[in-house]
$ cat input-v3.cif   # mmCIF, C-alpha atoms (C1' of nucleotides)
data_protein
#
loop_
_atom_site.group_PDB
_atom_site.id
_atom_site.type_symbol
_atom_site.label_atom_id
_atom_site.label_comp_id
_atom_site.auth_asym_id
_atom_site.auth_seq_id
_atom_site.Cartn_x
_atom_site.Cartn_y
_atom_site.Cartn_z
ATOM 1 C CA MET X 1 130.040 114.416 79.222
ATOM 2 C CA SER X 2 127.605 114.720 82.052
ATOM 3 C CA ARG X 3 126.441 112.269 84.634
ATOM 4 C CA ILE X 4 123.374 113.967 86.028
ATOM 5 C CA GLY X 5 121.872 110.974 87.710
ATOM 6 C CA LEU X 6 118.533 111.628 89.288
ATOM 7 C CA THR X 7 116.831 114.909 88.523
ATOM 8 C CA ALA X 8 114.162 116.107 90.914
ATOM 9 C CA GLN X 9 111.384 114.705 88.702
ATOM 10 C CA ARG X 10 113.030 111.328 88.300
ATOM 11 C CA LYS X 11 113.581 111.084 92.035
ATOM 12 C CA LEU X 12 109.923 111.831 92.742
ATOM 13 C CA ILE X 13 108.867 109.087 90.360
ATOM 14 C CA LEU X 14 111.409 106.584 91.645
ATOM 15 C CA ASP X 15 110.180 107.222 95.176
ATOM 16 C CA ILE X 16 106.581 106.583 94.212
ATOM 17 C CA VAL X 17 107.451 103.311 92.504
ATOM 18 C CA SER X 18 109.703 102.244 95.379
ATOM 19 C CA GLU X 19 107.106 102.929 98.031
ATOM 20 C CA ALA X 20 104.248 101.328 96.111
ATOM 21 C CA SER X 21 103.400 97.683 96.589
ATOM 22 C CA ASP X 22 100.855 97.513 93.797
ATOM 23 C CA HIS X 23 102.948 97.804 90.621
ATOM 24 C CA PRO X 24 101.543 101.180 89.531
ATOM 25 C CA THR X 25 100.946 102.231 85.931
ATOM 26 C CA ALA X 26 102.146 105.545 84.500
ATOM 27 C CA SER X 27 98.693 106.921 85.061
ATOM 28 C CA ASP X 28 98.678 105.734 88.698
ATOM 29 C CA ILE X 29 101.971 107.553 89.124
ATOM 30 C CA ILE X 30 100.576 110.765 87.651
ATOM 31 C CA ASP X 31 97.657 110.538 90.088
ATOM 32 C CA ARG X 32 99.985 110.056 93.053
ATOM 33 C CA LEU X 33 102.153 112.966 91.978
ATOM 34 C CA LYS X 34 99.048 115.155 91.912
ATOM 35 C CA LEU X 35 98.047 113.941 95.371
ATOM 36 C CA GLN X 36 101.472 115.044 96.585
ATOM 37 C CA GLY X 37 100.845 118.456 95.019
ATOM 38 C CA GLN X 38 103.636 117.892 92.514
ATOM 39 C CA THR X 39 103.275 118.857 88.888
ATOM 40 C CA VAL X 40 105.344 116.865 86.465
ATOM 41 C CA ALA X 41 104.575 116.929 82.769
ATOM 42 C CA TYR X 42 102.919 113.940 81.265
ATOM 43 C CA ALA X 43 105.804 113.210 78.887
ATOM 44 C CA THR X 44 108.301 113.575 81.701
ATOM 45 C CA VAL X 45 106.644 110.743 83.576
ATOM 46 C CA TYR X 46 107.055 108.479 80.563
ATOM 47 C CA ASN X 47 110.582 109.703 79.867
ATOM 48 C CA SER X 48 111.543 109.194 83.491
ATOM 49 C CA LEU X 49 110.064 105.711 83.664
ATOM 50 C CA ARG X 50 112.089 104.762 80.624
ATOM 51 C CA TYR X 51 115.222 106.336 82.049
ATOM 52 C CA LEU X 52 114.792 104.529 85.367
ATOM 53 C CA THR X 53 114.159 101.264 83.544
ATOM 54 C CA ASP X 54 117.243 101.717 81.357
ATOM 55 C CA GLN X 55 119.333 102.471 84.429
ATOM 56 C CA GLY X 56 118.136 99.257 86.036
ATOM 57 C CA LEU X 57 116.514 101.080 88.945
ATOM 58 C CA ILE X 58 113.023 99.810 88.209
ATOM 59 C CA ARG X 59 111.453 97.137 85.993
ATOM 60 C CA GLU X 60 108.707 97.516 83.414
ATOM 61 C CA LEU X 61 106.048 94.810 83.579
ATOM 62 C CA LYS X 62 103.511 93.969 80.922
ATOM 63 C CA LEU X 63 100.858 92.084 82.789
ATOM 64 C CA GLU X 64 97.131 92.096 82.157
ATOM 65 C CA GLY X 65 95.595 95.168 80.581
ATOM 66 C CA ASP X 66 97.095 97.669 78.217
ATOM 67 C CA ALA X 67 99.224 99.864 80.432
ATOM 68 C CA SER X 68 102.739 98.940 81.542
ATOM 69 C CA ARG X 69 103.273 98.599 85.257
ATOM 70 C CA TYR X 70 106.421 99.406 87.184
ATOM 71 C CA ASP X 71 108.187 97.579 89.965
ATOM 72 C CA ALA X 72 111.162 98.695 92.028
ATOM 73 C CA ARG X 73 111.990 95.248 93.412
ATOM 74 C CA MET X 74 114.998 94.356 91.341
ATOM 75 C CA GLU X 75 115.767 90.923 92.752
ATOM 76 C CA ASP X 76 115.122 88.220 90.189
ATOM 77 C CA HIS X 77 111.457 87.360 90.505
ATOM 78 C CA GLN X 78 108.249 86.768 88.612
ATOM 79 C CA HIS X 79 104.557 87.662 89.034
ATOM 80 C CA ILE X 80 101.212 86.064 89.668
ATOM 81 C CA VAL X 81 97.876 87.773 89.076
ATOM 82 C CA CYS X 82 94.569 86.855 90.656
ATOM 83 C CA THR X 83 91.908 86.314 88.014
ATOM 84 C CA SER X 84 89.237 87.087 90.555
ATOM 85 C CA CYS X 85 90.332 90.333 92.243
ATOM 86 C CA GLY X 86 93.147 91.446 89.961
ATOM 87 C CA ARG X 87 95.853 91.745 92.604
ATOM 88 C CA VAL X 88 99.407 91.073 91.540
ATOM 89 C CA ASP X 89 101.885 89.303 93.814
ATOM 90 C CA GLU X 90 105.553 88.506 93.519
ATOM 91 C CA VAL X 91 106.818 84.980 92.949
ATOM 92 C CA MET X 92 110.286 84.578 94.401
ATOM 93 C CA THR X 93 110.769 80.870 93.703
ATOM 94 C CA GLU X 94 113.720 80.399 91.404
ATOM 95 C CA ILE X 95 113.269 78.956 87.924
ATOM 96 C CA PRO X 96 114.704 75.405 87.788
ATOM 97 C CA LYS X 97 118.069 75.665 86.000
ATOM 98 C CA ASP X 98 117.838 72.258 84.352
ATOM 99 C CA TRP X 99 114.467 73.177 82.890
ATOM 100 C CA LEU X 100 115.978 76.305 81.320
ATOM 101 C CA ARG X 101 118.799 74.211 79.896
ATOM 102 C CA GLN X 102 116.229 71.838 78.450
ATOM 103 C CA ILE X 103 114.450 74.763 76.734
ATOM 104 C CA GLU X 104 117.734 76.050 75.337
ATOM 105 C CA ALA X 105 118.423 72.614 73.911
ATOM 106 C CA GLU X 106 114.945 72.366 72.423
ATOM 107 C CA THR X 107 114.872 75.820 70.836
ATOM 108 C CA GLY X 108 118.518 76.473 70.041
ATOM 109 C CA TYR X 109 118.265 79.854 71.795
ATOM 110 C CA SER X 110 120.586 81.032 74.502
ATOM 111 C CA ILE X 111 118.201 82.430 77.086
ATOM 112 C CA THR X 112 119.014 85.801 78.615
ATOM 113 C CA GLU X 113 115.778 86.722 80.333
ATOM 114 C CA GLU X 114 112.497 85.255 81.565
ATOM 115 C CA GLN X 115 109.194 87.067 81.968
ATOM 116 C CA LEU X 116 106.837 84.639 83.585
ATOM 117 C CA LEU X 117 103.252 85.454 84.429
ATOM 118 C CA PHE X 118 101.160 83.024 86.383
ATOM 119 C CA LYS X 119 97.414 83.353 86.793
ATOM 120 C CA GLY X 120 95.221 81.853 89.426
ATOM 121 C CA VAL X 121 93.018 82.588 92.376
ATOM 122 C CA CYS X 122 94.555 84.065 95.501
ATOM 123 C CA ALA X 123 93.964 82.615 98.956
ATOM 124 C CA GLU X 124 91.586 85.418 99.954
ATOM 125 C CA CYS X 125 89.367 85.025 96.915
ATOM 126 C CA ARG X 126 89.229 81.264 97.388
ATOM 127 C CA THR X 127 88.123 81.490 100.998
ATOM 128 C CA SER X 128 85.642 84.352 100.532
ATOM 129 C CA ASN X 129 83.628 82.078 98.228
ATOM 130 C CA ASN X 130 83.996 84.716 95.535
ATOM 131 C CA LYS X 131 82.782 82.994 92.399
ATOM 132 C CA ALA X 132 83.858 85.725 89.982
ATOM 133 C CA VAL X 133 86.282 84.353 87.398
ATOM 134 C CA GLN X 134 86.683 81.176 89.483
ATOM 135 C CA MET U 1 68.891 80.742 71.174
ATOM 136 C CA SER U 2 71.264 80.540 68.244
ATOM 137 C CA ARG U 3 74.495 78.713 67.748
ATOM 138 C CA ILE U 4 75.840 80.272 64.583
ATOM 139 C CA GLY U 5 79.410 79.138 64.978
ATOM 140 C CA LEU U 6 81.715 80.474 62.338
ATOM 141 C CA THR U 7 80.464 83.248 60.123
ATOM 142 C CA ALA U 8 82.242 83.810 56.823
ATOM 143 C CA GLN U 9 84.363 86.612 58.302
ATOM 144 C CA ARG U 10 85.345 84.615 61.366
ATOM 145 C CA LYS U 11 86.303 81.666 59.206
ATOM 146 C CA LEU U 12 88.534 83.867 57.000
ATOM 147 C CA ILE U 13 90.318 85.163 60.057
ATOM 148 C CA LEU U 14 90.653 81.762 61.692
ATOM 149 C CA ASP U 15 92.177 80.410 58.474
ATOM 150 C CA ILE U 16 94.745 83.204 58.349
ATOM 151 C CA VAL U 17 95.784 82.619 61.946
ATOM 152 C CA SER U 18 95.854 78.845 61.464
ATOM 153 C CA GLU U 19 98.003 79.005 58.365
ATOM 154 C CA ALA U 20 100.411 81.602 59.761
ATOM 155 C CA SER U 21 103.545 80.538 61.543
ATOM 156 C CA ASP U 22 104.522 84.009 62.713
ATOM 157 C CA HIS U 23 101.909 84.878 65.366
ATOM 158 C CA PRO U 24 100.304 87.725 63.407
ATOM 159 C CA THR U 25 98.872 90.902 64.938
ATOM 160 C CA ALA U 26 95.410 92.252 64.121
ATOM 161 C CA SER U 27 97.028 94.616 61.673
ATOM 162 C CA ASP U 28 98.969 91.756 59.998
ATOM 163 C CA ILE U 29 95.664 89.957 59.600
ATOM 164 C CA ILE U 30 94.020 92.999 58.007
ATOM 165 C CA ASP U 31 96.918 93.188 55.544
ATOM 166 C CA ARG U 32 96.586 89.516 54.645
ATOM 167 C CA LEU U 33 92.833 89.837 54.147
ATOM 168 C CA LYS U 34 93.498 92.693 51.712
ATOM 169 C CA LEU U 35 96.061 90.587 49.865
ATOM 170 C CA GLN U 36 93.378 87.933 49.452
ATOM 171 C CA GLY U 37 91.051 90.580 48.064
ATOM 172 C CA GLN U 38 88.732 90.247 51.043
ATOM 173 C CA THR U 39 87.199 93.247 52.726
ATOM 174 C CA VAL U 40 86.366 92.831 56.366
ATOM 175 C CA ALA U 41 85.683 95.821 58.556
ATOM 176 C CA TYR U 42 88.324 96.862 60.999
ATOM 177 C CA ALA U 43 86.074 96.327 64.022
ATOM 178 C CA THR U 44 85.025 92.925 62.718
ATOM 179 C CA VAL U 45 88.615 91.748 62.790
ATOM 180 C CA TYR U 46 88.866 92.692 66.457
ATOM 181 C CA ASN U 47 85.438 91.281 67.261
ATOM 182 C CA SER U 48 86.285 88.040 65.501
ATOM 183 C CA LEU U 49 89.641 87.688 67.198
ATOM 184 C CA ARG U 50 87.934 88.060 70.543
ATOM 185 C CA TYR U 51 85.215 85.607 69.584
ATOM 186 C CA LEU U 52 87.740 83.017 68.396
ATOM 187 C CA THR U 53 89.761 83.496 71.568
ATOM 188 C CA ASP U 54 86.673 83.106 73.770
ATOM 189 C CA GLN U 55 85.711 79.956 71.900
ATOM 190 C CA GLY U 56 89.169 78.535 72.532
ATOM 191 C CA LEU U 57 89.980 78.284 68.841
ATOM 192 C CA ILE U 58 92.981 80.616 69.018
ATOM 193 C CA ARG U 59 95.124 82.174 71.741
ATOM 194 C CA GLU U 60 95.918 85.831 72.327
ATOM 195 C CA LEU U 61 99.578 86.495 73.117
ATOM 196 C CA LYS U 62 101.005 89.640 74.633
ATOM 197 C CA LEU U 63 104.661 89.469 73.747
ATOM 198 C CA GLU U 64 106.971 92.328 72.920
ATOM 199 C CA GLY U 65 105.509 95.482 71.416
ATOM 200 C CA ASP U 66 102.096 97.009 71.813
ATOM 201 C CA ALA U 67 99.898 94.847 69.613
ATOM 202 C CA SER U 68 98.480 91.493 70.676
ATOM 203 C CA ARG U 69 99.487 88.536 68.565
ATOM 204 C CA TYR U 70 97.397 85.472 67.788
ATOM 205 C CA ASP U 71 98.294 81.808 67.700
ATOM 206 C CA ALA U 72 96.174 78.879 66.551
ATOM 207 C CA ARG U 73 98.336 76.189 68.166
ATOM 208 C CA MET U 74 96.253 75.293 71.151
ATOM 209 C CA GLU U 75 98.456 72.620 72.705
ATOM 210 C CA ASP U 76 99.884 73.802 76.006
ATOM 211 C CA HIS U 77 103.038 75.696 75.130
ATOM 212 C CA GLN U 78 105.001 78.862 75.746
ATOM 213 C CA HIS U 79 107.035 81.331 73.673
ATOM 214 C CA ILE U 80 110.557 82.565 73.222
ATOM 215 C CA VAL U 81 111.500 85.751 71.399
ATOM 216 C CA CYS U 82 114.864 86.561 69.857
ATOM 217 C CA THR U 83 116.169 89.882 71.125
ATOM 218 C CA SER U 84 118.285 90.211 68.015
ATOM 219 C CA CYS U 85 115.946 89.514 65.074
ATOM 220 C CA GLY U 86 112.546 89.580 66.791
ATOM 221 C CA ARG U 87 111.394 86.142 65.714
ATOM 222 C CA VAL U 88 109.084 84.250 68.037
ATOM 223 C CA ASP U 89 109.289 80.495 68.484
ATOM 224 C CA GLU U 90 107.232 78.000 70.408
ATOM 225 C CA VAL U 91 108.531 76.304 73.539
ATOM 226 C CA MET U 92 106.936 72.896 73.946
ATOM 227 C CA THR U 93 108.842 71.775 77.030
ATOM 228 C CA GLU U 94 106.410 71.190 79.847
ATOM 229 C CA ILE U 95 106.547 73.249 83.017
ATOM 230 C CA PRO U 96 107.859 71.140 85.927
ATOM 231 C CA LYS U 97 104.837 70.199 88.032
ATOM 232 C CA ASP U 98 106.687 70.237 91.317
ATOM 233 C CA TRP U 99 107.899 73.753 90.616
ATOM 234 C CA LEU U 100 104.303 74.910 90.094
ATOM 235 C CA ARG U 101 103.313 73.235 93.358
ATOM 236 C CA GLN U 102 106.150 75.067 95.067
ATOM 237 C CA ILE U 103 104.866 78.401 93.722
ATOM 238 C CA GLU U 104 101.339 77.623 94.869
ATOM 239 C CA ALA U 105 102.680 76.888 98.341
ATOM 240 C CA GLU U 106 104.719 80.088 98.385
ATOM 241 C CA THR U 107 101.964 82.417 97.141
ATOM 242 C CA GLY U 108 98.800 80.762 98.422
ATOM 243 C CA TYR U 109 97.314 80.946 94.916
ATOM 244 C CA SER U 110 95.848 78.032 93.041
ATOM 245 C CA ILE U 111 97.386 78.394 89.605
ATOM 246 C CA THR U 112 95.108 78.036 86.597
ATOM 247 C CA GLU U 113 97.249 79.352 83.774
ATOM 248 C CA GLU U 114 100.837 80.200 82.862
ATOM 249 C CA GLN U 115 102.003 82.748 80.324
ATOM 250 C CA LEU U 116 105.723 82.399 80.103
ATOM 251 C CA LEU U 117 107.886 84.486 77.820
ATOM 252 C CA PHE U 118 111.554 83.710 77.430
ATOM 253 C CA LYS U 119 113.994 86.029 75.701
ATOM 254 C CA GLY U 120 117.323 85.179 74.218
ATOM 255 C CA VAL U 121 119.288 84.922 71.016
ATOM 256 C CA CYS U 122 118.274 82.362 68.428
ATOM 257 C CA ALA U 123 120.764 79.955 66.858
ATOM 258 C CA GLU U 124 120.840 81.846 63.554
ATOM 259 C CA CYS U 125 121.617 85.190 65.140
ATOM 260 C CA ARG U 126 124.341 83.648 67.271
ATOM 261 C CA THR U 127 126.128 82.050 64.325
ATOM 262 C CA SER U 128 125.738 84.989 61.925
ATOM 263 C CA ASN U 129 127.878 87.077 64.319
ATOM 264 C CA ASN U 130 125.023 89.582 64.500
ATOM 265 C CA LYS U 131 125.998 91.844 67.369
ATOM 266 C CA ALA U 132 122.676 93.729 67.606
ATOM 267 C CA VAL U 133 121.118 93.360 71.064
ATOM 268 C CA GLN U 134 123.600 90.564 71.847
ATOM 269 C "C1'" DC G 1 57.563 80.709 53.445
ATOM 270 C "C1'" DC G 2 57.005 85.062 56.058
ATOM 271 C "C1'" DC G 3 57.686 87.600 60.018
ATOM 272 C "C1'" DT G 4 59.859 88.791 64.176
ATOM 273 C "C1'" DT G 5 63.779 88.500 67.049
ATOM 274 C "C1'" DT G 6 68.445 88.117 67.813
ATOM 275 C "C1'" DA G 7 73.164 88.136 66.255
ATOM 276 C "C1'" DT G 8 76.636 90.060 63.337
ATOM 277 C "C1'" DT G 9 78.845 93.385 60.443
ATOM 278 C "C1'" DT G 10 79.950 97.881 59.233
ATOM 279 C "C1'" DA G 11 81.811 102.832 59.172
ATOM 280 C "C1'" DG G 12 83.258 106.056 61.718
ATOM 281 C "C1'" DA G 13 83.761 108.480 66.065
ATOM 282 C "C1'" DC G 14 86.074 107.889 70.173
ATOM 283 C "C1'" DT G 15 89.433 106.312 73.949
ATOM 284 C "C1'" DT G 16 93.710 105.010 75.969
ATOM 285 C "C1'" DA G 17 98.524 104.630 76.226
ATOM 286 C "C1'" DG G 18 102.370 106.351 74.740
ATOM 287 C "C1'" DT G 19 105.713 108.999 71.400
ATOM 288 C "C1'" DT G 20 107.368 113.023 69.016
ATOM 289 C "C1'" DT G 21 108.432 117.799 68.336
ATOM 290 C "C1'" DA G 22 110.210 122.087 69.171
ATOM 291 C "C1'" DA G 23 110.728 125.566 72.444
ATOM 292 C "C1'" DA G 24 111.990 126.764 77.156
ATOM 293 C "C1'" DT G 25 114.612 125.597 81.128
ATOM 294 C "C1'" DT G 26 118.136 123.577 83.780
ATOM 295 C "C1'" DT G 27 122.610 121.895 84.623
ATOM 296 C "C1'" DA G 28 127.562 120.929 84.110
ATOM 297 C "C1'" DG G 29 131.723 122.272 83.516
ATOM 298 C "C1'" DA G 30 135.390 125.136 81.071
ATOM 299 C "C1'" DT K 1 130.069 133.776 83.731
ATOM 300 C "C1'" DC K 2 129.290 131.557 79.518
ATOM 301 C "C1'" DT K 3 128.393 127.899 76.486
ATOM 302 C "C1'" DA K 4 126.977 123.359 75.285
ATOM 303 C "C1'" DA K 5 124.504 119.474 76.420
ATOM 304 C "C1'" DA K 6 120.725 117.382 78.839
ATOM 305 C "C1'" DT K 7 116.143 117.675 80.560
ATOM 306 C "C1'" DT K 8 111.482 119.284 80.980
ATOM 307 C "C1'" DT K 9 107.410 120.960 79.118
ATOM 308 C "C1'" DA K 10 102.953 121.552 76.389
ATOM 309 C "C1'" DA K 11 100.774 120.197 72.732
ATOM 310 C "C1'" DA K 12 100.266 117.713 68.573
ATOM 311 C "C1'" DC K 13 100.397 113.250 66.986
ATOM 312 C "C1'" DT K 14 100.311 107.960 66.531
ATOM 313 C "C1'" DA K 15 98.943 103.207 67.344
ATOM 314 C "C1'" DA K 16 95.916 99.875 69.027
ATOM 315 C "C1'" DG K 17 91.691 98.947 70.108
ATOM 316 C "C1'" DT K 18 86.655 99.963 71.761
ATOM 317 C "C1'" DC K 19 82.088 101.857 71.255
ATOM 318 C "C1'" DT K 20 77.931 103.369 68.900
ATOM 319 C "C1'" DA K 21 74.204 103.267 66.041
ATOM 320 C "C1'" DA K 22 72.568 101.890 61.739
ATOM 321 C "C1'" DA K 23 72.403 98.251 58.243
ATOM 322 C "C1'" DT K 24 72.463 93.431 57.224
ATOM 323 C "C1'" DA K 25 72.065 88.550 57.956
ATOM 324 C "C1'" DA K 26 70.365 84.524 60.066
ATOM 325 C "C1'" DA K 27 67.187 81.617 63.064
ATOM 326 C "C1'" DG K 28 63.015 79.871 64.583
ATOM 327 C "C1'" DG K 29 57.939 80.068 65.358
ATOM 328 C "C1'" DG K 30 53.795 80.274 63.177
#

$ encode --input "input-v3.cif" --output "C-alpha cells"
Amino acid sequence: MSRIGLTAQRKLILDIVSEASDHPTASDIIDRLKLQGQTVAYATVYNSLRYLTDQGLIRELKLEGDASRYDARMEDHQHIVCTSCGRVDEVMTEIPKDWLRQIEAETGYSITEEQLLFKGVCAECRTSNNKAVQ
Amino acid sequence: MSRIGLTAQRKLILDIVSEASDHPTASDIIDRLKLQGQTVAYATVYNSLRYLTDQGLIRELKLEGDASRYDARMEDHQHIVCTSCGRVDEVMTEIPKDWLRQIEAETGYSITEEQLLFKGVCAECRTSNNKAVQ
DNA sequence: CCCTTTATTTAGACTTAGTTTAAATTTAGA
DNA sequence: TCTAAATTTAAACTAAGTCTAAATAAAGGG
C-alpha cells in the first residue's frame, strides 16, 4: 500500500491551476507548462487533472465550449459567464436552503450536489457599450 | 429572402426530440431515425439540431458526459440527474427572484440565463437499496 | 413555367478533446 | 538492494462534432 501523494508532475499542474484565475483548460495547462520549460506528457496532464479532482484538490467545470476547465477554489461556489467577452467569474452567494428542499420535494431526489451556471453581461461589457451578444 | 421553416429532415428530428422523454443525444437521434427507416446524413442531424436550437424550438443541454442532449420542453426549467442510475428529470421549481438579484449585485453582471444542474439520488434508487454512487 | 439564385443536404475528410495501451520509469517499502 | 506497485510516457485510438465541396432542392422574378 502506497500513499505517494503529489508527484512532481501533479504538483506542477496543481500549482498552475491554483495560481490561475481564469479556470484553465487542459490545453491551457499544457501551454503554461511549456512556457515554464517543463515537459509533461499529454496523457499525464489528463491523468493528473483527474487525480487532483478525485482527491478533492481541484474541481472540474463544464462551462461553455467543449473542453473541461479546472478551478482550485474549493469553497462551495458557482460560476457566471459573460456572453459578451467570455470571462468566467465566481458566484459565492449561497443557494437558498428552502429552495433546495422545495426541489427535493418536487422531484423526490435527495440532492447531493449543485452545478449552477449563470449567463449574463458583465459590468465592463455593459459600460463599454459593447453590443456583441448583448 | 426565403423563409423555408422546417424541411423534411428538420421536422423528423424535431418530432423525435418532441416525443422523447429522455433528453436524447445526437447519436440517440440518429439511432431512432434508423429505426424509423429514415436516412438522414450525419452532418444534417447536427445542422438541424443547431437550427432548431437557434429557432428556439428545442434546447441544447450539457449535462453529464460528453455529448449534448436535446429537450423540446421550452418552458423555463432546470434539470436533475441521478448519480446512481443516470436518469435525468426536469425541475420546474422557479428560481427565487431575490436570490438572482443578490447574485447580480454581488457580481455586477446582469443575468440573462440560468443553466442549473442538480445531482442527487432519485426516489427509486434510494428505495431499491442500490448502493452504487450513493 | 423556366431560369437563376439561394438554401439545404450529403459524404467524407478533418478537428478537438480525451482515453487506452503497453512499455519504460519511478517509488515505496521489505 | 530487490521486488512489487504506481506513475509516466508516446503513440494509437475513440467520440463528438465541424468543415468542405459537390449535389440537390426550393424560391422568386421574369

$ atom_distance --input "input-v3.cif" --atom1 "atom CA of X:Leu12" --atom2 "atom CA of X:Tyr51"
13.1 Å

$ resolve_selection --input "input-v3.cif" --expression "the PyMOL selection byres ((chain X and resi 89-99) around 7)" --output "NGL selection string"
(:X and (77-81 or 87-88 or 100-103)) or (:U and (103 or 107))

$ residues_around --input "input-v3.cif" --residues "U:Lys11" --least-positions-apart "5" --cutoff "10 Å" --atoms "only C-alpha atoms (C1' of nucleotides)" --output "list of chain:residue names"
U:Gly5, U:Leu6, U:Ile16, U:Val17, U:Ser48, U:Leu52

$ resolve_selection --input "input-v3.cif" --expression "the PyMOL selection byres ((chain G) within 10 of (chain U))" --output "VMD selection string"
chain G and resid 6 to 11 17 to 18

$ write_last_selection --input "input-v3.cif" --atoms "C-alpha atoms (C1' of nucleotides)" --output "short mmCIF file (atom, residue, chain, number, x, y, z; two decimals), keeping the file's coordinate frame"
data_model
loop_
_atom_site.label_atom_id
_atom_site.label_comp_id
_atom_site.auth_asym_id
_atom_site.auth_seq_id
_atom_site.Cartn_x
_atom_site.Cartn_y
_atom_site.Cartn_z
"C1'" DT G 6 68.44 88.12 67.81
"C1'" DA G 7 73.16 88.14 66.26
"C1'" DT G 8 76.64 90.06 63.34
"C1'" DT G 9 78.84 93.38 60.44
"C1'" DT G 10 79.95 97.88 59.23
"C1'" DA G 11 81.81 102.83 59.17
"C1'" DA G 17 98.52 104.63 76.23
"C1'" DG G 18 102.37 106.35 74.74
#

$ resolve_selection --input "input-v3.cif" --expression "the PyMOL selection byres ((chain U and resi 24) around 6)" --output "list in words"
Asp22, His23, Thr25, Asp28, Arg69 and Tyr70 of chain U

$ closest_atom_pairs --input "input-v3.cif" --of "chain K" --to "chain X" --cutoff "12 Å" --atoms "only C-alpha atoms (C1' of nucleotides)" --output "tab-separated table"
residue	atom	partner	partner_atom	distance
K:DA4	C1'	X:Met1	CA	10.2
K:DA5	C1'	X:Ser2	CA	8.0
K:DA6	C1'	X:Ser2	CA	8.0
K:DT7	C1'	X:Thr7	CA	8.5
K:DT8	C1'	X:Thr44	CA	6.6
K:DT9	C1'	X:Ala41	CA	6.1
K:DA10	C1'	X:Ala41	CA	8.0
K:DA11	C1'	X:Ala43	CA	10.6
K:DA16	C1'	X:Asp66	CA	9.5
K:DG17	C1'	X:Asp66	CA	9.8

$ closest_atom_pairs --input "input-v3.cif" --of "chain X" --to "chain U" --cutoff "6 Å" --atoms "only C-alpha atoms" --output "Markdown table"
| residue | atom | partner | partner_atom | distance |
| --- | --- | --- | --- | --- |
| X:Gly108 | CA | U:Ala123 | CA | 5.2 |
| X:Tyr109 | CA | U:Cys122 | CA | 4.2 |
| X:Ser110 | CA | U:Gly120 | CA | 5.3 |
| X:Ile111 | CA | U:Gly120 | CA | 4.1 |
| X:Thr112 | CA | U:Gly120 | CA | 4.8 |
| X:Glu113 | CA | U:Lys119 | CA | 5.0 |
| X:Glu114 | CA | U:Phe118 | CA | 4.5 |
| X:Gln115 | CA | U:Leu117 | CA | 5.1 |
| X:Leu116 | CA | U:Leu116 | CA | 4.3 |
| X:Leu117 | CA | U:Gln115 | CA | 5.1 |
| X:Phe118 | CA | U:Glu114 | CA | 4.5 |
| X:Lys119 | CA | U:Glu113 | CA | 5.0 |
| X:Gly120 | CA | U:Ile111 | CA | 4.1 |
| X:Val121 | CA | U:Tyr109 | CA | 5.3 |
| X:Cys122 | CA | U:Tyr109 | CA | 4.2 |
| X:Ala123 | CA | U:Gly108 | CA | 5.2 |

$ residues_near_point --input "input-v3.cif" --point "(57.6, 89.0, 60.7)" --cutoff "12 Å" --atoms "all atoms listed in the file" --output "PyMOL selection string"
(chain G and resi 1-5) or (chain K and resi 28-30)

$ residues_around --input "input-v3.cif" --residues "K:DT20" --least-positions-apart "6" --cutoff "10 Å" --atoms "all atoms listed in the file" --output "PyMOL selection string"
chain G and resi 12-14

$ atom_distance --input "input-v3.cif" --atom1 "atom CA of U:Leu57" --atom2 "atom C1' of K:DC19"
25.0 Å

$ atom_distance --input "input-v3.cif" --atom1 "atom CA of X:Arg50" --atom2 "atom CA of X:Ile30"
14.8 Å

$ closest_residue --input "input-v3.cif" --among "X:Val45, X:Leu35, X:Ala72, X:Ala105" --to "X:Ser18" --atoms "all atoms listed in the file"
X:Ala72
